[in-house]
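A.B. asks: structure.txt is reproduced in full below (compact mmCIF, C-alpha atoms).
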```
# COMPACT_ATOMS: atom_id res chain seq x y z
CA MET K 1 184.27 63.32 57.55
CA ASN K 2 186.92 64.77 55.25
CA ALA K 3 185.23 68.15 55.31
CA ILE K 4 188.12 70.23 56.58
CA LYS K 5 189.08 71.15 53.00
CA PHE K 6 185.66 72.83 52.64
CA LEU K 7 186.36 74.90 55.75
CA PHE K 8 189.67 76.13 54.38
CA ALA K 9 188.16 76.65 50.92
CA ALA K 10 185.51 78.94 52.45
CA TYR K 11 188.05 80.95 54.46
CA ILE K 12 190.41 81.28 51.50
CA ALA K 13 187.55 82.27 49.16
CA THR K 14 186.50 85.00 51.62
CA TRP K 15 189.95 86.58 51.66
CA VAL K 16 190.41 86.18 47.92
CA ILE K 17 187.19 88.16 47.36
CA HIS K 18 188.20 90.84 49.89
CA GLY K 19 191.69 90.96 48.39
CA ALA K 20 190.32 91.36 44.87
CA TYR K 21 188.08 94.22 45.98
CA LEU K 22 190.88 95.94 47.92
CA GLY K 23 193.10 95.52 44.84
CA SER K 24 190.47 97.21 42.69
CA LEU K 25 190.30 100.10 45.20
CA VAL K 26 194.09 100.50 45.12
CA ARG K 27 194.04 100.52 41.29
CA ARG K 28 191.30 103.15 41.25
CA PHE K 29 193.24 105.31 43.74
CA GLY K 30 196.32 104.98 41.49
CA ARG K 31 194.37 106.03 38.40
CA LEU K 32 192.92 108.97 40.32
CA ARG K 33 196.37 110.08 41.46
CA GLN K 34 197.51 109.97 37.83
CA GLN K 35 194.51 112.09 36.79
CA MET K 36 195.29 114.58 39.55
CA LYS K 37 198.88 114.89 38.33
CA GLU K 38 197.71 115.47 34.76
CA ALA K 39 195.06 117.95 35.87
CA SER K 40 197.55 119.99 37.90
CA GLY K 41 199.90 120.31 34.91
CA PHE K 42 197.20 120.73 32.28
CA PRO K 43 196.55 124.50 32.13
CA ARG K 44 200.20 125.45 31.51
CA SER K 45 201.10 122.75 29.03
CA ALA K 46 197.87 123.06 27.08
CA SER K 47 197.97 126.81 26.68
CA GLY K 48 201.68 126.94 25.91
CA PHE K 49 201.95 130.22 27.78
CA PRO K 50 203.96 130.73 30.96
CA PRO K 51 201.85 130.92 34.14
CA GLU K 52 200.55 134.34 35.12
CA ASN K 53 202.00 135.94 38.24
CA MET W 1 191.62 111.95 60.78
CA LYS W 2 194.97 111.22 59.15
CA ARG W 3 196.11 109.30 62.23
CA ILE W 4 192.85 107.50 62.97
CA PHE W 5 192.91 105.47 59.73
CA PRO W 6 196.25 103.67 60.32
CA ILE W 7 195.43 103.14 64.01
CA LEU W 8 192.06 101.66 63.10
CA SER W 9 193.68 99.55 60.38
CA ILE W 10 196.15 98.03 62.86
CA PHE W 11 193.34 97.43 65.36
CA THR W 12 191.22 95.74 62.66
CA VAL W 13 194.07 93.45 61.53
CA ILE W 14 194.66 92.38 65.16
CA LEU W 15 190.92 91.84 65.69
CA LEU W 16 190.62 89.80 62.48
CA ALA W 17 193.60 87.66 63.48
CA TYR W 18 192.12 87.17 66.96
CA ALA W 19 188.72 86.27 65.46
CA LEU W 20 190.42 83.73 63.17
CA TYR W 21 192.23 82.19 66.13
CA GLU W 22 189.00 82.03 68.13
CA ALA W 23 187.13 80.51 65.18
CA LEU W 24 189.70 77.83 64.37
CA VAL W 25 191.13 77.00 67.80
CA VAL W 26 188.98 78.22 70.72
CA ALA W 27 185.44 77.55 69.46
CA PRO W 28 184.24 74.03 70.32
CA THR W 29 183.70 71.48 67.56
CA ASP W 30 180.10 70.88 66.56
CA ALA W 31 178.82 67.43 67.54
CA GLN W 32 176.94 66.89 64.26
CA GLN W 33 178.89 68.77 61.60
CA GLY W 34 182.42 68.51 62.99
CA ASP W 35 184.88 71.27 62.11
CA VAL W 36 183.20 72.31 58.87
CA TYR W 37 180.57 74.23 60.87
CA ARG W 38 183.33 76.83 61.55
CA ILE W 39 182.40 78.35 58.20
CA ILE W 40 179.63 80.00 60.23
CA TYR W 41 182.21 82.45 61.64
CA TYR W 42 182.72 83.93 58.17
CA HIS W 43 179.36 83.19 56.55
CA VAL W 44 177.01 84.69 59.16
CA PRO W 45 179.02 87.86 60.02
CA SER W 46 179.37 88.55 56.29
CA ALA W 47 175.59 88.25 55.90
CA TRP W 48 174.90 90.56 58.86
CA THR W 49 177.42 93.11 57.56
CA ALA W 50 175.89 92.99 54.07
CA PHE W 51 172.40 93.52 55.54
CA LEU W 52 173.63 96.48 57.58
CA LEU W 53 175.28 98.05 54.53
CA PHE W 54 172.15 97.57 52.41
CA PHE W 55 170.15 99.13 55.24
CA ILE W 56 172.47 102.18 55.21
CA ASN W 57 172.10 102.32 51.43
CA PHE W 58 168.31 102.21 51.85
CA ILE W 59 168.24 105.04 54.40
CA ALA W 60 170.68 107.20 52.39
CA SER W 61 168.66 106.62 49.19
CA ILE W 62 165.36 107.55 50.88
CA GLN W 63 166.94 110.68 52.29
CA TYR W 64 168.47 111.59 48.93
CA LEU W 65 165.07 111.27 47.23
CA ALA W 66 163.31 113.12 50.07
CA ASN W 67 165.76 116.02 49.90
CA LEU W 68 164.89 116.72 46.27
CA LYS W 69 161.81 118.67 47.47
CA LEU W 70 161.43 120.61 50.71
CA SER W 71 157.83 119.46 51.24
CA THR W 72 158.82 115.78 50.74
CA LYS W 73 161.76 116.20 53.10
CA THR W 74 159.50 117.38 55.95
CA ALA W 75 156.87 114.73 55.24
CA VAL W 76 159.44 111.88 55.16
CA LYS W 77 161.01 113.14 58.40
CA TRP W 78 157.66 112.86 60.20
CA ILE W 79 156.88 109.49 58.58
CA VAL W 80 160.22 108.13 59.84
CA ILE W 81 159.52 109.42 63.37
CA ALA W 82 156.04 107.85 63.23
CA ILE W 83 157.51 104.50 62.08
CA GLY W 84 160.03 104.54 64.94
CA VAL W 85 157.59 105.46 67.71
CA GLY W 86 154.62 103.51 66.34
CA GLY W 87 156.72 100.44 65.57
CA VAL W 88 158.23 100.26 69.05
CA ILE W 89 154.81 100.68 70.75
CA ALA W 90 153.23 98.11 68.41
CA CYS W 91 155.87 95.48 69.21
CA PHE W 92 154.71 95.38 72.83
CA LEU W 93 150.98 95.07 72.07
CA PRO W 94 149.73 91.51 72.66
CA GLN W 95 147.74 91.59 69.38
CA VAL W 96 150.91 92.32 67.39
CA GLN W 97 153.05 89.91 69.41
CA ARG W 98 150.69 87.11 68.41
CA LEU W 99 151.47 87.83 64.75
CA LEU W 100 155.22 87.46 65.26
CA PRO W 101 156.72 84.09 64.27
CA THR W 102 157.51 81.65 67.07
CA GLY W 103 160.83 82.37 68.73
CA MET W 104 161.10 85.96 67.50
CA ARG W 105 161.54 88.35 70.41
CA PRO W 106 159.44 91.56 70.35
CA SER W 107 162.41 93.45 71.82
CA ALA W 108 164.55 92.42 68.82
CA VAL W 109 161.89 93.68 66.40
CA ALA W 110 161.47 96.92 68.41
CA THR W 111 165.24 97.54 68.34
CA THR W 112 165.35 97.00 64.58
CA VAL W 113 162.41 99.37 64.05
CA LEU W 114 164.04 101.98 66.30
CA LEU W 115 167.19 101.83 64.16
CA ILE W 116 165.28 103.35 61.21
CA PRO W 117 164.84 106.88 62.72
CA ILE W 118 168.22 106.70 64.49
CA PHE W 119 170.09 105.91 61.24
CA TYR W 120 167.92 108.36 59.29
CA PHE W 121 168.83 111.34 61.46
CA LEU W 122 172.48 110.35 61.99
CA ILE W 123 173.05 109.89 58.26
CA GLY W 124 171.26 113.15 57.50
CA ARG W 125 173.39 114.94 60.07
CA PHE W 126 176.80 113.65 58.93
CA PHE W 127 176.22 113.23 55.18
CA PRO W 128 174.57 116.37 53.81
CA GLY W 129 173.70 116.99 50.15
CA GLU W 130 175.64 115.01 47.56
CA ARG W 131 177.42 113.05 50.27
CA LEU W 132 174.19 111.11 50.82
CA ASP W 133 174.46 109.76 47.29
CA MET W 134 178.15 108.95 47.80
CA LEU W 135 177.29 107.07 51.00
CA ALA W 136 174.56 105.12 49.20
CA LEU W 137 176.96 104.11 46.44
CA THR W 138 179.73 103.20 48.90
CA SER W 139 177.50 101.06 51.12
CA ALA W 140 175.96 99.28 48.11
CA GLU W 141 179.37 98.43 46.63
CA VAL W 142 180.86 97.12 49.88
CA GLY W 143 177.56 95.38 50.67
CA VAL W 144 177.75 93.50 47.36
CA VAL W 145 181.27 92.30 48.27
CA PHE W 146 180.01 90.88 51.59
CA CYS W 147 176.91 89.41 49.94
CA THR W 148 179.18 87.71 47.37
CA ILE W 149 181.06 86.10 50.25
CA VAL W 150 177.75 84.84 51.68
CA LEU W 151 176.83 83.34 48.31
CA VAL W 152 180.25 81.69 47.91
CA THR W 153 180.74 80.36 51.44
CA GLY W 154 177.12 79.13 51.69
CA PRO W 155 177.40 76.48 48.94
CA ILE W 156 180.89 75.48 50.19
CA TRP W 157 179.29 74.80 53.58
CA ALA W 158 176.19 73.15 52.08
CA ARG W 159 178.15 70.58 50.05
CA PRO W 160 179.53 68.53 52.98
CA VAL W 161 176.48 69.11 55.23
CA TRP W 162 173.50 68.81 52.88
CA GLY W 163 175.27 66.84 50.15
CA ILE W 164 174.41 69.49 47.53
CA TRP W 165 175.94 72.81 46.54
CA TRP W 166 172.64 74.62 46.07
CA ALA W 167 169.03 73.80 46.94
CA PRO W 168 167.03 74.98 43.91
CA GLY W 169 163.79 76.67 44.91
CA ASP W 170 164.86 77.22 48.52
CA ILE W 171 163.45 80.63 49.44
CA ARG W 172 166.37 81.75 51.65
CA LEU W 173 168.96 80.92 49.02
CA THR W 174 166.95 82.29 46.11
CA SER W 175 166.02 85.55 47.86
CA THR W 176 169.69 86.12 48.79
CA LEU W 177 170.69 85.59 45.16
CA VAL W 178 167.96 88.01 44.05
CA LEU W 179 169.19 90.56 46.62
CA TRP W 180 172.72 90.26 45.22
CA LEU W 181 171.42 90.66 41.65
CA ILE W 182 169.40 93.77 42.59
CA TYR W 183 172.46 95.49 44.07
CA VAL W 184 174.71 94.38 41.21
CA SER W 185 172.20 95.96 38.81
CA TYR W 186 172.27 99.08 41.01
CA LEU W 187 176.06 99.24 40.61
CA VAL W 188 175.84 98.57 36.86
CA LEU W 189 173.34 101.42 36.55
CA ARG W 190 175.67 103.73 38.48
CA ARG W 191 178.67 102.68 36.43
CA PHE W 192 177.30 102.84 32.90
CA SER W 193 174.46 105.37 32.89
CA SER W 194 175.52 108.88 31.99
CA SER W 195 172.07 110.42 32.38
CA ALA W 196 171.57 113.34 34.74
CA GLN W 197 168.81 111.29 36.36
CA THR W 198 171.09 108.35 37.24
CA GLN W 199 171.42 109.20 40.93
CA MET W 200 167.66 109.55 41.32
CA LEU W 201 166.91 106.33 39.41
CA ALA W 202 169.54 104.43 41.39
CA ALA W 203 168.10 105.74 44.67
CA ALA W 204 164.62 104.57 43.63
CA LEU W 205 166.00 101.15 42.68
CA ALA W 206 167.81 100.93 46.03
CA VAL W 207 164.64 101.72 47.98
CA PHE W 208 162.72 98.91 46.27
CA GLY W 209 165.74 96.59 46.33
CA ALA W 210 166.04 96.97 50.09
CA LEU W 211 162.57 95.45 50.46
CA ASP W 212 164.21 92.11 49.66
CA VAL W 213 166.35 92.30 52.85
CA PRO W 214 163.43 91.56 55.26
CA LEU W 215 162.26 88.84 52.86
CA VAL W 216 165.70 87.19 53.05
CA TYR W 217 165.82 87.49 56.83
CA PHE W 218 162.26 86.38 57.62
CA SER W 219 162.03 83.71 54.91
CA ILE W 220 163.21 80.99 57.29
CA TRP W 221 160.31 81.75 59.61
CA PHE W 222 157.56 82.02 57.06
CA PHE W 223 158.56 79.34 54.54
CA ARG W 224 159.79 75.76 54.65
CA THR W 225 163.50 75.93 53.92
CA GLN W 226 166.59 73.79 54.21
CA HIS W 227 168.50 76.71 55.73
CA PRO W 228 168.93 76.46 59.55
CA GLN W 229 167.15 78.79 61.99
CA PRO W 230 168.80 82.13 62.87
CA VAL W 231 171.32 82.13 65.70
CA ILE W 232 170.22 85.53 67.03
CA GLY W 233 166.69 86.93 67.33
CA GLY W 234 165.09 83.67 68.37
CA GLY W 235 164.38 80.26 66.89
CA GLY W 236 167.85 78.74 66.97
CA SER W 237 169.91 77.41 69.85
CA MET W 238 173.66 77.90 69.96
CA ASP W 239 176.35 77.09 72.48
CA PRO W 240 177.25 80.35 74.33
CA ARG W 241 180.97 79.80 73.53
CA MET W 242 180.15 79.55 69.84
CA LEU W 243 177.96 82.64 70.05
CA HIS W 244 180.78 84.53 71.76
CA VAL W 245 183.20 83.69 68.91
CA LEU W 246 180.54 84.58 66.36
CA LEU W 247 180.09 88.05 67.89
CA ILE W 248 183.87 88.62 67.98
CA SER W 249 184.05 87.63 64.34
CA TRP W 250 181.21 90.03 63.50
CA MET W 251 182.96 92.87 65.33
CA ALA W 252 186.10 92.19 63.29
CA PHE W 253 184.13 92.15 60.04
CA LEU W 254 182.30 95.36 61.01
CA CYS W 255 185.61 97.15 61.64
CA PHE W 256 186.95 95.85 58.33
CA ALA W 257 183.78 96.95 56.49
CA PHE W 258 184.02 100.39 58.11
CA LEU W 259 187.60 100.81 56.88
CA VAL W 260 186.77 99.65 53.37
CA CYS W 261 183.74 101.99 53.27
CA TRP W 262 185.90 104.85 54.49
CA SER W 263 188.44 104.26 51.68
CA ARG W 264 185.71 103.85 49.05
CA PHE W 265 183.98 107.03 50.25
CA ARG W 266 187.23 109.01 50.03
CA LEU W 267 187.78 107.65 46.54
CA GLU W 268 184.31 108.81 45.51
CA VAL W 269 184.83 112.28 47.00
CA LEU W 270 188.15 112.70 45.14
CA GLN W 271 186.68 111.35 41.91
CA ARG W 272 183.82 113.85 41.99
CA GLU W 273 186.16 116.72 42.81
CA ILE W 274 188.30 115.83 39.79
CA GLU W 275 185.23 115.53 37.55
CA GLU W 276 184.08 118.91 38.83
CA GLY W 277 187.54 120.30 38.10
CA HIS W 278 187.44 118.95 34.54
CA ALA W 279 183.98 120.42 34.04
CA MET W 280 185.16 123.82 35.23
CA GLU W 281 188.21 123.62 32.98
CA SER W 282 186.10 122.80 29.96
CA LEU W 283 183.98 125.84 30.77
CA GLY W 284 187.15 127.89 30.53
CA SER W 285 187.48 129.05 34.13
CA HIS W 286 190.78 127.56 35.22
CA ALA W 287 191.07 129.25 38.59
CA PRO W 288 188.06 127.68 40.35
CA ALA W 289 188.89 124.35 38.74
CA LYS W 290 192.37 124.32 40.22
CA ALA W 291 191.07 125.53 43.54
CA SER W 292 188.62 122.63 43.75
CA LEU W 293 191.25 119.99 43.03
CA PRO W 294 192.13 117.84 45.98
CA LEU W 295 195.89 118.29 45.39
CA SER W 296 195.90 121.30 47.63
CA ARG W 297 194.21 119.38 50.45
CA SER W 298 196.21 118.26 53.42
CA SER W 299 194.63 114.78 53.28
```
Translate this structure into structure tokens?
C.D. replies:
Amino acid sequence: MNAIKFLFAAYIATWVIHGAYLGSLVRRFGRLRQQMKEASGFPRSASGFPPEN
Amino acid sequence: MKRIFPILSIFTVILLAYALYEALVVAPTDAQQGDVYRIIYYHVPSAWTAFLLFFINFIASIQYLANLKLSTKTAVKWIVIAIGVGGVIACFLPQVQRLLPTGMRPSAVATTVLLIPIFYFLIGRFFPGERLDMLALTSAEVGVVFCTIVLVTGPIWARPVWGIWWAPGDIRLTSTLVLWLIYVSYLVLRRFSSSAQTQMLAAALAVFGALDVPLVYFSIWFFRTQHPQPVIGGGGSMDPRMLHVLLISWMAFLCFAFLVCWSRFRLEVLQREIEEGHAMESLGSHAPAKASLPLSRSS
């Protein structure tokens, strides 16, 4: 039975799905990091005033 | 905590590689199906992991709903204790044992029933307040990923063995697809609803959605289906060497699922802290908003 290709297809599909999900997590972490950077700089740049001591 | 994650990641990669080696090299070839049966080492552990994650989602959702009112919280706590104690006692009564399908061990049912109060109190202890909702969302999302793998690897396995990709009308296959659709709709609701009631509605959907899990699991006992009998819990017979590899593979998948859930949970915590920070900023109080941002955290 030439079924070995189905075995490898199943294993590859599993890791493609996991990889896609992990990739989406990494992207979301990246976006969050960007938001954090923007949020930390926001009060000063938006107000235009120097930070209070 | 900072050190545990990379250590656990390395351990999981090694365990996954070992499980792959065991599945492809060490496990004996099946006399009827040949090598293609080795799909079982990814298909079945993925299904078990998905069920476990949906179970966690179910418990977290119940607890989230119960915590909305103090009276409900106390009542649900006692109901859960009653289910645990009553369920375990009932499993050993001859009248109840007669109702169990052939091959199903009462001890397996009792253990499963006992897991309900154990998980309920552990989750309540370690995930207080809003973290319950975050846990529910995390477990549903990762559970959907594992359930997707079950639905993809199943037809790939069925094609060479049954001669068809999908058996229309088969209760095991259909109920698994319905389970996947329920949790996808749960995630869609979480993603696109901006109502203040979203968390409550999603928790209610999760509680009813979880009722499909026992239907999926027990369907092969109660209905005529093309799907083979379960390998654990009675009914099926499996070579001990194959079972050993299957359990190793499940351990590896459990570790992997734990790591993914951990990352997803952290992402959710950070996301909510940022949203909270934005909300505080828009209210005009910059100081608490900055204080709540995760930038200052050591993690």
A.B. asks: Return as a Markdown table the residues of chain K lying at most 7 Å from chain W, together with the closest atom-to-atom pair for each and the distance in Å to one decimal, counting all atoms listed in the file, with rows in chain order and ascending residue number.
C.D. replies:
```
| residue | atom | partner | partner_atom | distance |
| --- | --- | --- | --- | --- |
| K:Ala3 | CA | W:Val36 | CA | 5.8 |
| K:Ile4 | CA | W:Val36 | CA | 5.8 |
| K:Phe6 | CA | W:Ile156 | CA | 6.0 |
| K:Leu7 | CA | W:Val36 | CA | 5.1 |
| K:Ala10 | CA | W:Thr153 | CA | 5.1 |
| K:Thr14 | CA | W:Ile149 | CA | 5.7 |
| K:Phe29 | CA | W:Leu267 | CA | 6.6 |
| K:Leu32 | CA | W:Gln271 | CA | 6.9 |
| K:Met36 | CA | W:Leu295 | CA | 6.9 |
```
A.B. asks: Please write the residues from the selection above to a file, keeping C-alpha atoms, as a JSON list (two decimals), in the coordinates of the input.
C.D. replies:
```json
[["chain", "number", "residue", "atom", "x", "y", "z"],
["K", 3, "ALA", "CA", 185.23, 68.15, 55.31],
["K", 4, "ILE", "CA", 188.12, 70.23, 56.58],
["K", 6, "PHE", "CA", 185.66, 72.83, 52.64],
["K", 7, "LEU", "CA", 186.36, 74.90, 55.75],
["K", 10, "ALA", "CA", 185.51, 78.94, 52.45],
["K", 14, "THR", "CA", 186.50, 85.00, 51.62],
["K", 29, "PHE", "CA", 193.24, 105.31, 43.74],
["K", 32, "LEU", "CA", 192.92, 108.97, 40.32],
["K", 36, "MET", "CA", 195.29, 114.58, 39.55]]
```
A.B. asks: Enclose all atoms of region 125-128 of chain W listed in the file in an axis-aligned box, grow every side by 5 Å, and hand back centre and edge lengths in Å to one decimal, as JSON.
C.D. replies:
```
{"center_x": 175.1, "center_y": 114.8, "center_z": 56.9, "size_x": 13.4, "size_y": 13.1, "size_z": 16.3}
```
A.B. asks: Select, from W:His227, W:Arg105, W:Lys73, W:Arg131, the residue with the minimum atom-to-atom distance to Trp162 (chain W), counting only C-alpha atoms.
C.D. replies: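 Among W:His227, W:Arg105, W:Lys73, W:Arg131, it is W:His227 that comes nearest to Trp162 (chain W).
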A.B. asks: Record the distance separating CA of Trp15 (chain K) and CA of Leu254 (chain W), expressed in Å with one decimal.
C.D. replies: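 Distance between the two atoms: 14.9 Å.
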A.B. asks: As number ranges by chain, please: the residues near Ala203 (chain W) (cut-off 9 Å, all atoms listed in the file, same-chain neighbours under 6 positions excluded).
C.D. replies: W: 57-58, 60-62, 64-65, 133, 136, 186
A.B. asks: Go ahead and dump the residues you just picked, C-alpha atoms, as a PDB file, in the coordinates of the input.
C.D. replies:
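Final output, result-v6.pdb:
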```pdb
ATOM      1  CA  ASN W  57     172.100 102.320  51.430  1.00  0.00           C
ATOM      2  CA  PHE W  58     168.310 102.210  51.850  1.00  0.00           C
ATOM      3  CA  ALA W  60     170.680 107.200  52.390  1.00  0.00           C
ATOM      4  CA  SER W  61     168.660 106.620  49.190  1.00  0.00           C
ATOM      5  CA  ILE W  62     165.360 107.550  50.880  1.00  0.00           C
ATOM      6  CA  TYR W  64     168.470 111.590  48.930  1.00  0.00           C
ATOM      7  CA  LEU W  65     165.070 111.270  47.230  1.00  0.00           C
ATOM      8  CA  ASP W 133     174.460 109.760  47.290  1.00  0.00           C
ATOM      9  CA  ALA W 136     174.560 105.120  49.200  1.00  0.00           C
ATOM     10  CA  TYR W 186     172.270  99.080  41.010  1.00  0.00           C
TER      11      TYR W 186
END
```
A.B. asks: Work out how far CA of Trp262 (chain W) is from CA of Gly143 (chain W), in Å to one decimal.
C.D. replies: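 So the two atoms, CA of Gly143 (chain W) and CA of Trp262 (chain W), lie 13.2 Å apart.
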A.B. asks: Name the residues in contact with Gly124 (chain W) at a cut-off of 8 Å, using all atoms listed in the file, excluding same-chain residues fewer than 4 positions from it; report them as number ranges by chain.
C.D. replies: W: 60, 63, 120, 128, 132
A.B. asks: Between W:Ile123, W:Ile81, W:Met134, W:Ala257, which one has atoms that come closest to Ile59 (chain W), using all atoms listed in the file?
C.D. replies: W:Ile123
A.B. asks: Just give me the gap between CA of Tyr183 (chain W) and CA of Ala47 (chain W) in Å, one decimal is fine.
C.D. replies: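 Value for the CA of Tyr183 (chain W)-CA of Ala47 (chain W) distance: 14.2 Å.
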A.B. asks: Tell me which of W:Met104, W:Val85, W:Val96, W:Ile56 sits closest to Leu122 (chain W), counting all atoms listed in the file.
C.D. replies: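 Smallest distance to Leu122 (chain W) is found for W:Ile56.
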